[in-house]
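One structure is given below, encoded as structure tokens.
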Amino acid sequence: MLPMAALVWASRSEGKQAFWDAVTSPQSVAALKLTVGAAFIVAVLNAVLGTVTAWVLVRDDFRGKSVINSIIDLPFALPTIVAGLTLLALYGPKSPIGIDIAFTRTAILAALMFVTLPFVVRTVQPVLTELDHEMEEAARSLGASELTTFRRVIFPNILPGILSGFALAFAKAVGEIGSLVIISGNLPYRTEVSSVFILGQIESGNPAGAAAVAVVLLVISFAILLVVGAIRHFTTRHDRA
Amino acid sequence: MRRYALRFVALFYLAAILIAPLGIVFYRTFEDGFAAAWEALSTPETIHAFKLTLIITAIAVPLNTVFGIICAIAIVRKRFPGKGLLNAFIDLPLALSPVVVGLSLFLLYGRTGWFGGFFERHDIQVLFALPAMIIATIFVSLPFVAREVVPTLREIGDEQEQAARTLGANGWQTFRRITLPSIRWAVIYGVILTTARCLGEYGAVAVVSGRIQGETETATLRVEERYDSFDLAGAYAIAIVLALIAIAVLLLMTLVKPREGTT
């Protein structure tokens with residue numbers, strides 16, 4: 001807690017005006033826009049592909065499924081800097097398949113997809129596993145098509161899982177640094193995200209400016225935690241009723 | 001038909017993002033033979049970096065385990081003012097950027113920070129030294145044990161604990177003989193996740209360590225330093241060791257998980 005207080009205090013140490021100037025400088029605004037924009041795109045992609053993956057892992061059956069199931073957690077276990085380096089090896093200048101996206105915004109998306117991959121899968125998967133087959137069978141016997149069954153029976157059940165996975169992936173993507181320092185190239189205004197910008201500000205001896213942008217990230221993190229807490233609260237209350 | 005389409009989408013997604021890149025790194029590392037990779041690993045700086053990472057992990061993991069268990073018990077079993085707050089804040093390190101964590105420690109323990117003056121007067125180097133790196137690592141890996149233990153504690157309920165207490169067991173005996181055995185798989189799972197996070201920490205440590213080669217450079221920082229000095233082979237070799245540790249962690253997780261379900 002104390003470190004957070006020190007952070008907020010330091011960001012205000014040079015007055016409100018200095019704080020505002022640091023946050024609204026063109027470079028930090030560009031970084032913040034990129035960070036939030038990329039995080040949002042990645043979280044949306046994750047929500048869709050993560051749900052598909054969770055669905056395949058629960059409902060489908062094929063050889064090697066359990067291996068795939070364990071591999072999902074790899075981004076949690078792998079140091080993020082290693083994640084950045086691995087993506088660079090495949091999609092970088094020496095790419096064996098001829099795709100070179102190094103130091104572009106696409107590379108940022110790819111790195112963020114990698115590190116946030118498990119979130120939606122791991123929040124949707126348990127709900128899908130526990131979902132009562134009888135409900136679906138009932139819907140189908142009452143004449144609902146497969147799409148209608150999914151839309152009106154399955155989807156409402158897994159929606160809280162998708163949303164909290166989405167929020168967690170978004171939070172992780174906003175704060176991500178390790179995988180980005182290598183693959184993004186950190187070009188100001190182009191591929192520099194906020195966390196890399198903060199690191200640069202610290203290293204060039206401007207901790208107050210770094211603190212100002214950090215406070216913005218801190219506020220975003222708090223907001224996301226509140227949203228996740230609200231989703232959790234709502235769904236547990238739903239269960240009890 | 002749709003089933004195969006879905007399966008294809010899921011597997012292709014995993015292959016493109018996860019499996020193929022990792023395979024390529026393995027290939028690139030050993031492209032020039034095993035000896036070259038070994039040589040890159042056995043420089044004194046790299047060995048020191050791995051040692052440092054292990055020291056930090058060895059200190060952070062036990063502390064976080066004890067703290068995590070205490071927090072989980074407090075959240076599930078006790079009632080106290082500010083409980084909701086603790087419950088929310090325990091997740092903060094997961095949602096917060098590691099750089100922000102590093103920066104706040106930097107400001108707290110730096111020369112002009114609240115604690116900085118105190119340590120400077122007593123001639124204790126915190127920032128750009130081991131203590132700050134340990135604190136940063138503890139911070140970012142804080143929630144894992146508690147998050148694994150909380151749901152298990154909720155599920156087992158407290159009937160057995162109450163029974164133990166009516167039979168005359170004191171608090172510590174109840175914990176050691178009733179609570180701990182029933183949450184042990186959750187604790188082990190949490191410890192595995194904590195260890196992985198400690199070994200792989202980059203952002204927070206990058207801020208507070210000062211990255212002094214051979215002194216405060218951890219394995220992950222060393223990967224970046226090698227990459228920045230255009231020594232790709234060296235960077236890959238260290239990355240591979242870290243990746244192998246990650247895969248070992250993954251195997252351990254898979255071994256622990258099914259048992260968790262049966263107890």
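Labeling convention for the structure tokens: chains A, B, ... as they appear, residues from 1 per chain, ligands from 1 in order of appearance.
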
Could you list, with a cut-off of 7 Å and counting only C-alpha atoms, the residues of chain A near chain B, each shown with its nearest atom pair and the distance in Å rounded to one decimal, rows sorted by chain and ascending number, as CSV?
```
residue,atom,partner,partner_atom,distance
A:Pro3,CA,B:Ser104,CA,5.0
A:Met4,CA,B:Ser104,CA,6.1
A:Ala6,CA,B:Leu108,CA,5.9
A:Leu7,CA,B:Ser104,CA,4.9
A:Leu49,CA,B:Ala10,CA,6.9
A:Val52,CA,B:Ala10,CA,6.2
A:Thr53,CA,B:Ala10,CA,4.9
A:Val56,CA,B:Arg7,CA,5.8
A:Ser70,CA,B:Thr254,CA,6.4
A:Leu74,CA,B:Leu250,CA,6.6
A:Ala77,CA,B:Ala246,CA,4.9
A:Leu78,CA,B:Ala246,CA,5.1
A:Pro79,CA,B:Gly200,CA,3.9
A:Thr80,CA,B:Gly200,CA,6.8
A:Ile81,CA,B:Thr220,CA,6.5
A:Val82,CA,B:Ala239,CA,5.4
A:Thr86,CA,B:Pro21,CA,5.0
A:Leu87,CA,B:Pro21,CA,5.3
A:Ala89,CA,B:Val25,CA,6.2
A:Leu90,CA,B:Pro21,CA,5.1
A:Phe114,CA,B:Ile17,CA,5.9
A:Leu168,CA,B:Ala95,CA,6.9
A:Ala171,CA,B:Ala95,CA,5.2
A:Lys172,CA,B:Ala95,CA,6.0
A:Gly175,CA,B:Ser97,CA,3.7
A:Glu176,CA,B:Ser97,CA,6.2
A:Ile177,CA,B:Gly203,CA,6.0
A:Gly178,CA,B:Tyr202,CA,5.7
A:Ser195,CA,B:Val99,CA,6.1
A:Leu199,CA,B:Val99,CA,6.8
A:Ala214,CA,B:Val100,CA,5.6
A:Leu218,CA,B:Leu96,CA,6.5
A:Ser221,CA,B:Ala95,CA,5.4
```

Can you spit out the residues from that selection as a short mmCIF file (atom, residue, chain, number, x, y, z; two decimals), in the first residue's frame, using N, CA and C atoms?
```
data_model
loop_
_atom_site.label_atom_id
_atom_site.label_comp_id
_atom_site.auth_asym_id
_atom_site.auth_seq_id
_atom_site.Cartn_x
_atom_site.Cartn_y
_atom_site.Cartn_z
N PRO A 3 3.93 1.83 -1.01
CA PRO A 3 4.54 2.21 -2.29
C PRO A 3 3.56 2.99 -3.18
N MET A 4 2.29 2.57 -3.18
CA MET A 4 1.30 3.24 -4.02
C MET A 4 1.13 4.70 -3.58
N ALA A 6 3.32 6.51 -2.03
CA ALA A 6 4.52 7.25 -2.41
C ALA A 6 4.46 7.64 -3.87
N LEU A 7 3.92 6.75 -4.68
CA LEU A 7 3.81 7.01 -6.11
C LEU A 7 2.91 8.21 -6.38
N LEU A 49 -11.40 -15.74 -29.43
CA LEU A 49 -10.59 -16.94 -29.64
C LEU A 49 -10.45 -17.77 -28.36
N VAL A 52 -13.57 -19.81 -28.04
CA VAL A 52 -13.51 -20.93 -28.99
C VAL A 52 -12.58 -22.02 -28.45
N THR A 53 -11.41 -21.59 -27.97
CA THR A 53 -10.45 -22.56 -27.45
C THR A 53 -11.02 -23.33 -26.26
N VAL A 56 -13.53 -25.85 -27.50
CA VAL A 56 -12.90 -27.02 -28.11
C VAL A 56 -12.31 -27.92 -27.03
N SER A 70 -2.52 -28.39 -21.20
CA SER A 70 -1.45 -27.91 -20.31
C SER A 70 -0.68 -26.77 -20.94
N LEU A 74 1.27 -22.07 -20.53
CA LEU A 74 2.68 -21.73 -20.78
C LEU A 74 2.97 -20.23 -20.65
N ALA A 77 3.83 -19.35 -17.23
CA ALA A 77 5.07 -19.89 -16.68
C ALA A 77 6.30 -19.30 -17.36
N LEU A 78 6.14 -18.90 -18.61
CA LEU A 78 7.29 -18.42 -19.38
C LEU A 78 7.59 -16.96 -19.04
N PRO A 79 8.86 -16.64 -18.73
CA PRO A 79 9.19 -15.22 -18.53
C PRO A 79 8.78 -14.41 -19.76
N THR A 80 8.22 -13.22 -19.53
CA THR A 80 7.67 -12.48 -20.66
C THR A 80 8.76 -12.06 -21.64
N ILE A 81 9.98 -11.83 -21.12
CA ILE A 81 11.04 -11.42 -22.03
C ILE A 81 11.39 -12.55 -22.99
N VAL A 82 11.27 -13.78 -22.49
CA VAL A 82 11.49 -14.93 -23.35
C VAL A 82 10.37 -15.01 -24.40
N THR A 86 10.94 -15.20 -28.37
CA THR A 86 10.45 -16.31 -29.20
C THR A 86 9.63 -15.77 -30.37
N LEU A 87 8.79 -14.77 -30.12
CA LEU A 87 8.00 -14.21 -31.21
C LEU A 87 8.90 -13.55 -32.24
N ALA A 89 11.86 -14.48 -32.98
CA ALA A 89 12.53 -15.52 -33.75
C ALA A 89 11.66 -15.99 -34.91
N LEU A 90 10.35 -16.06 -34.69
CA LEU A 90 9.47 -16.56 -35.75
C LEU A 90 8.98 -15.44 -36.66
N PHE A 114 0.04 -13.26 -26.97
CA PHE A 114 0.78 -14.36 -26.35
C PHE A 114 0.63 -14.32 -24.83
N LEU A 168 -9.32 -9.13 -17.13
CA LEU A 168 -7.97 -9.51 -16.69
C LEU A 168 -6.97 -9.41 -17.83
N ALA A 171 -6.20 -5.78 -18.38
CA ALA A 171 -5.28 -5.26 -17.35
C ALA A 171 -3.86 -5.69 -17.61
N LYS A 172 -3.71 -6.98 -17.92
CA LYS A 172 -2.36 -7.52 -18.17
C LYS A 172 -1.74 -6.84 -19.39
N GLY A 175 -0.45 -3.31 -18.73
CA GLY A 175 0.76 -3.22 -17.92
C GLY A 175 1.95 -3.95 -18.49
N GLU A 176 1.76 -4.66 -19.59
CA GLU A 176 2.81 -5.53 -20.09
C GLU A 176 4.07 -4.75 -20.49
N ILE A 177 5.24 -5.30 -20.14
CA ILE A 177 6.47 -4.69 -20.58
C ILE A 177 7.48 -5.69 -21.12
N GLY A 178 7.70 -6.78 -20.37
CA GLY A 178 8.80 -7.69 -20.70
C GLY A 178 8.82 -8.15 -22.15
N SER A 195 4.17 1.56 -20.48
CA SER A 195 5.09 1.00 -19.49
C SER A 195 6.54 1.19 -19.95
N LEU A 199 9.51 3.46 -18.11
CA LEU A 199 10.87 2.96 -17.88
C LEU A 199 11.90 3.93 -18.46
N ALA A 214 2.44 6.82 -14.53
CA ALA A 214 2.19 5.61 -13.75
C ALA A 214 0.88 5.70 -13.00
N LEU A 218 -2.19 3.20 -12.87
CA LEU A 218 -2.68 2.72 -11.58
C LEU A 218 -4.20 2.86 -11.51
N SER A 221 -5.82 0.21 -13.57
CA SER A 221 -5.79 -1.09 -12.88
C SER A 221 -6.87 -1.17 -11.81
#
```

To test your reading of the structure, identify every residue in stretch 24-113 of chain A that backbone DSSP assigns to alpha helix (DSSP H), and report it as a ChimeraX atom specification.
/A:24,26-59,65-71,74-77,80-91,105-113

Restricting it to C-alpha atoms, dump the selection as a PDB file, in the first residue's frame.
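Result went into part-v7.pdb, see below:
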```
ATOM      1  CA  THR A  24      -0.591  15.362 -21.649  1.00  0.00           C
ATOM      2  CA  PRO A  26       2.421  14.459 -26.946  1.00  0.00           C
ATOM      3  CA  GLN A  27       4.729  11.504 -26.412  1.00  0.00           C
ATOM      4  CA  SER A  28       2.965  10.215 -23.324  1.00  0.00           C
ATOM      5  CA  VAL A  29      -0.469  10.728 -24.884  1.00  0.00           C
ATOM      6  CA  ALA A  30       0.642   8.762 -27.945  1.00  0.00           C
ATOM      7  CA  ALA A  31       1.953   6.001 -25.686  1.00  0.00           C
ATOM      8  CA  LEU A  32      -1.236   5.902 -23.616  1.00  0.00           C
ATOM      9  CA  LYS A  33      -3.452   5.797 -26.707  1.00  0.00           C
ATOM     10  CA  LEU A  34      -1.418   2.957 -28.181  1.00  0.00           C
ATOM     11  CA  THR A  35      -1.423   1.074 -24.870  1.00  0.00           C
ATOM     12  CA  VAL A  36      -5.156   1.289 -24.274  1.00  0.00           C
ATOM     13  CA  GLY A  37      -6.027   0.746 -27.939  1.00  0.00           C
ATOM     14  CA  ALA A  38      -3.801  -2.307 -28.335  1.00  0.00           C
ATOM     15  CA  ALA A  39      -4.969  -3.724 -25.006  1.00  0.00           C
ATOM     16  CA  PHE A  40      -8.602  -3.337 -26.060  1.00  0.00           C
ATOM     17  CA  ILE A  41      -8.099  -5.030 -29.449  1.00  0.00           C
ATOM     18  CA  VAL A  42      -6.167  -7.849 -27.808  1.00  0.00           C
ATOM     19  CA  ALA A  43      -8.778  -8.319 -25.106  1.00  0.00           C
ATOM     20  CA  VAL A  44     -11.566  -8.521 -27.716  1.00  0.00           C
ATOM     21  CA  LEU A  45      -9.626 -11.007 -29.866  1.00  0.00           C
ATOM     22  CA  ASN A  46      -8.924 -12.989 -26.716  1.00  0.00           C
ATOM     23  CA  ALA A  47     -12.562 -13.033 -25.705  1.00  0.00           C
ATOM     24  CA  VAL A  48     -13.526 -14.573 -29.064  1.00  0.00           C
ATOM     25  CA  LEU A  49     -10.589 -16.940 -29.641  1.00  0.00           C
ATOM     26  CA  GLY A  50     -10.312 -17.801 -25.951  1.00  0.00           C
ATOM     27  CA  THR A  51     -13.964 -18.812 -25.859  1.00  0.00           C
ATOM     28  CA  VAL A  52     -13.514 -20.932 -28.993  1.00  0.00           C
ATOM     29  CA  THR A  53     -10.446 -22.565 -27.451  1.00  0.00           C
ATOM     30  CA  ALA A  54     -12.221 -23.251 -24.168  1.00  0.00           C
ATOM     31  CA  TRP A  55     -15.160 -24.701 -26.117  1.00  0.00           C
ATOM     32  CA  VAL A  56     -12.896 -27.016 -28.114  1.00  0.00           C
ATOM     33  CA  LEU A  57     -11.082 -28.120 -24.948  1.00  0.00           C
ATOM     34  CA  VAL A  58     -14.333 -28.962 -23.140  1.00  0.00           C
ATOM     35  CA  ARG A  59     -16.672 -30.236 -25.861  1.00  0.00           C
ATOM     36  CA  LYS A  65      -6.020 -32.694 -26.087  1.00  0.00           C
ATOM     37  CA  SER A  66      -4.546 -32.958 -22.598  1.00  0.00           C
ATOM     38  CA  VAL A  67      -1.187 -31.744 -23.901  1.00  0.00           C
ATOM     39  CA  ILE A  68      -2.873 -28.722 -25.494  1.00  0.00           C
ATOM     40  CA  ASN A  69      -4.718 -28.156 -22.246  1.00  0.00           C
ATOM     41  CA  SER A  70      -1.447 -27.912 -20.309  1.00  0.00           C
ATOM     42  CA  ILE A  71       0.235 -25.770 -22.940  1.00  0.00           C
ATOM     43  CA  LEU A  74       2.676 -21.733 -20.785  1.00  0.00           C
ATOM     44  CA  PRO A  75       2.431 -17.912 -21.021  1.00  0.00           C
ATOM     45  CA  PHE A  76       1.936 -17.837 -17.229  1.00  0.00           C
ATOM     46  CA  ALA A  77       5.066 -19.889 -16.678  1.00  0.00           C
ATOM     47  CA  THR A  80       7.671 -12.484 -20.665  1.00  0.00           C
ATOM     48  CA  ILE A  81      11.043 -11.419 -22.027  1.00  0.00           C
ATOM     49  CA  VAL A  82      11.490 -14.933 -23.354  1.00  0.00           C
ATOM     50  CA  ALA A  83       8.033 -14.663 -24.919  1.00  0.00           C
ATOM     51  CA  GLY A  84       9.148 -11.532 -26.754  1.00  0.00           C
ATOM     52  CA  LEU A  85      12.294 -13.211 -27.967  1.00  0.00           C
ATOM     53  CA  THR A  86      10.449 -16.309 -29.200  1.00  0.00           C
ATOM     54  CA  LEU A  87       7.996 -14.210 -31.207  1.00  0.00           C
ATOM     55  CA  LEU A  88      10.903 -12.269 -32.683  1.00  0.00           C
ATOM     56  CA  ALA A  89      12.530 -15.522 -33.751  1.00  0.00           C
ATOM     57  CA  LEU A  90       9.470 -16.557 -35.749  1.00  0.00           C
ATOM     58  CA  TYR A  91       8.063 -13.227 -36.877  1.00  0.00           C
ATOM     59  CA  ARG A 105       2.286  -2.260 -34.021  1.00  0.00           C
ATOM     60  CA  THR A 106       1.271  -5.691 -35.279  1.00  0.00           C
ATOM     61  CA  ALA A 107       4.181  -7.094 -33.293  1.00  0.00           C
ATOM     62  CA  ILE A 108       2.800  -5.442 -30.170  1.00  0.00           C
ATOM     63  CA  LEU A 109      -0.552  -7.116 -30.765  1.00  0.00           C
ATOM     64  CA  ALA A 110       1.129 -10.490 -31.276  1.00  0.00           C
ATOM     65  CA  ALA A 111       3.167 -10.168 -28.074  1.00  0.00           C
ATOM     66  CA  LEU A 112       0.119  -9.107 -26.075  1.00  0.00           C
ATOM     67  CA  MET A 113      -1.923 -11.991 -27.537  1.00  0.00           C
TER      68      MET A 113
END
```

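Atom CA of A:Ile231 is found 14.2 Å from atom CA of A:Val127.
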
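Neighbours of B:Arg147 closer than or equal to 9 Å, with only C-alpha atoms counted and sequence neighbours fewer than 2 positions away skipped, come out as Gly68, Ala72, Ile90, Asp91, Pro143, Phe144, Val145, Val149, Val150, Pro151 and Gly190 of chain B.
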
If you keep N, CA and C atoms, can you produce a file of those selected residues as a compact mmCIF listing (two decimals), in the first residue's frame?
```
# COMPACT_ATOMS: atom_id res chain seq x y z
N GLY B 68 0.77 -15.72 1.99
CA GLY B 68 -0.41 -16.11 1.22
C GLY B 68 -1.36 -16.96 2.04
N ALA B 72 -5.08 -15.87 3.12
CA ALA B 72 -6.23 -16.67 2.70
C ALA B 72 -7.09 -17.03 3.89
N ILE B 90 -5.39 -7.74 -2.62
CA ILE B 90 -4.51 -8.89 -2.82
C ILE B 90 -4.33 -9.17 -4.32
N ASP B 91 -5.33 -8.79 -5.12
CA ASP B 91 -5.24 -9.00 -6.56
C ASP B 91 -4.51 -7.88 -7.29
N PRO B 143 0.10 -12.45 -4.97
CA PRO B 143 -1.25 -13.01 -4.84
C PRO B 143 -1.40 -14.50 -5.10
N PHE B 144 -0.40 -15.15 -5.73
CA PHE B 144 -0.66 -16.48 -6.27
C PHE B 144 -1.07 -17.51 -5.23
N VAL B 145 -0.33 -17.60 -4.11
CA VAL B 145 -0.67 -18.61 -3.11
C VAL B 145 -2.06 -18.33 -2.53
N VAL B 149 -5.40 -20.74 -2.53
CA VAL B 149 -5.85 -21.33 -1.28
C VAL B 149 -7.27 -20.87 -0.92
N VAL B 150 -7.62 -19.62 -1.25
CA VAL B 150 -8.95 -19.10 -0.86
C VAL B 150 -10.11 -20.00 -1.31
N PRO B 151 -10.20 -20.37 -2.60
CA PRO B 151 -11.35 -21.20 -3.01
C PRO B 151 -11.36 -22.57 -2.32
N GLY B 190 0.04 -23.01 -5.76
CA GLY B 190 0.37 -21.59 -5.61
C GLY B 190 1.87 -21.36 -5.59
```

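The gap separating atom CA of A:Val23 from atom CA of A:Val219 is 13.0 Å, in Å to one decimal.
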
Would you list the contacts of stretch 148-160 of chain A as a PDB file with C-alpha atoms, in the first residue's frame, taking every protein, DNA or RNA residue within 8 Å and counting only C-alpha atoms, but skipping same-chain residues closer than 4 positions in sequence?
```pdb
ATOM      1  CA  VAL A 124     -14.609 -19.809 -19.410  1.00  0.00           C
ATOM      2  CA  VAL A 127     -18.036 -22.740 -16.381  1.00  0.00           C
ATOM      3  CA  LEU A 128     -18.429 -24.751 -19.588  1.00  0.00           C
ATOM      4  CA  LEU A 131     -22.716 -26.363 -17.365  1.00  0.00           C
ATOM      5  CA  MET A 135     -30.585 -27.294 -20.024  1.00  0.00           C
ATOM      6  CA  GLU A 136     -29.257 -27.557 -23.554  1.00  0.00           C
ATOM      7  CA  ALA A 139     -33.806 -26.151 -25.237  1.00  0.00           C
ATOM      8  CA  ARG A 140     -33.213 -28.430 -28.170  1.00  0.00           C
ATOM      9  CA  ALA A 144     -34.426 -24.397 -30.529  1.00  0.00           C
ATOM     10  CA  SER A 164     -13.820 -11.294 -16.231  1.00  0.00           C
ATOM     11  CA  ILE A 231     -18.812  -9.309 -11.932  1.00  0.00           C
ATOM     12  CA  ARG A 232     -17.798 -11.786  -9.233  1.00  0.00           C
ATOM     13  CA  THR A 235     -22.520 -13.954 -10.313  1.00  0.00           C
TER      14      THR A 235
END
```

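With only C-alpha atoms as the basis for measurement, A:Ala212 is the residue among A:Thr191, A:Ala212, A:Thr116, A:Arg63 that approaches A:Asp21 most closely.
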
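The smallest atom-to-atom distance between A:Ser184 and any of A:Gln17, A:Thr104, A:Ser204, A:Ser95, using only C-alpha atoms, is found for A:Thr104.
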
Interatomic distance (Å, one decimal) between atom CA of A:Ala173 and atom CA of A:Pro118:
12.4 Å

Could you list, as a ChimeraX atom specification, every residue within 8 Å of B:Ala237, counting only C-alpha atoms and ignoring same-chain residues fewer than 6 positions away?
/B:29,37-38,40-41
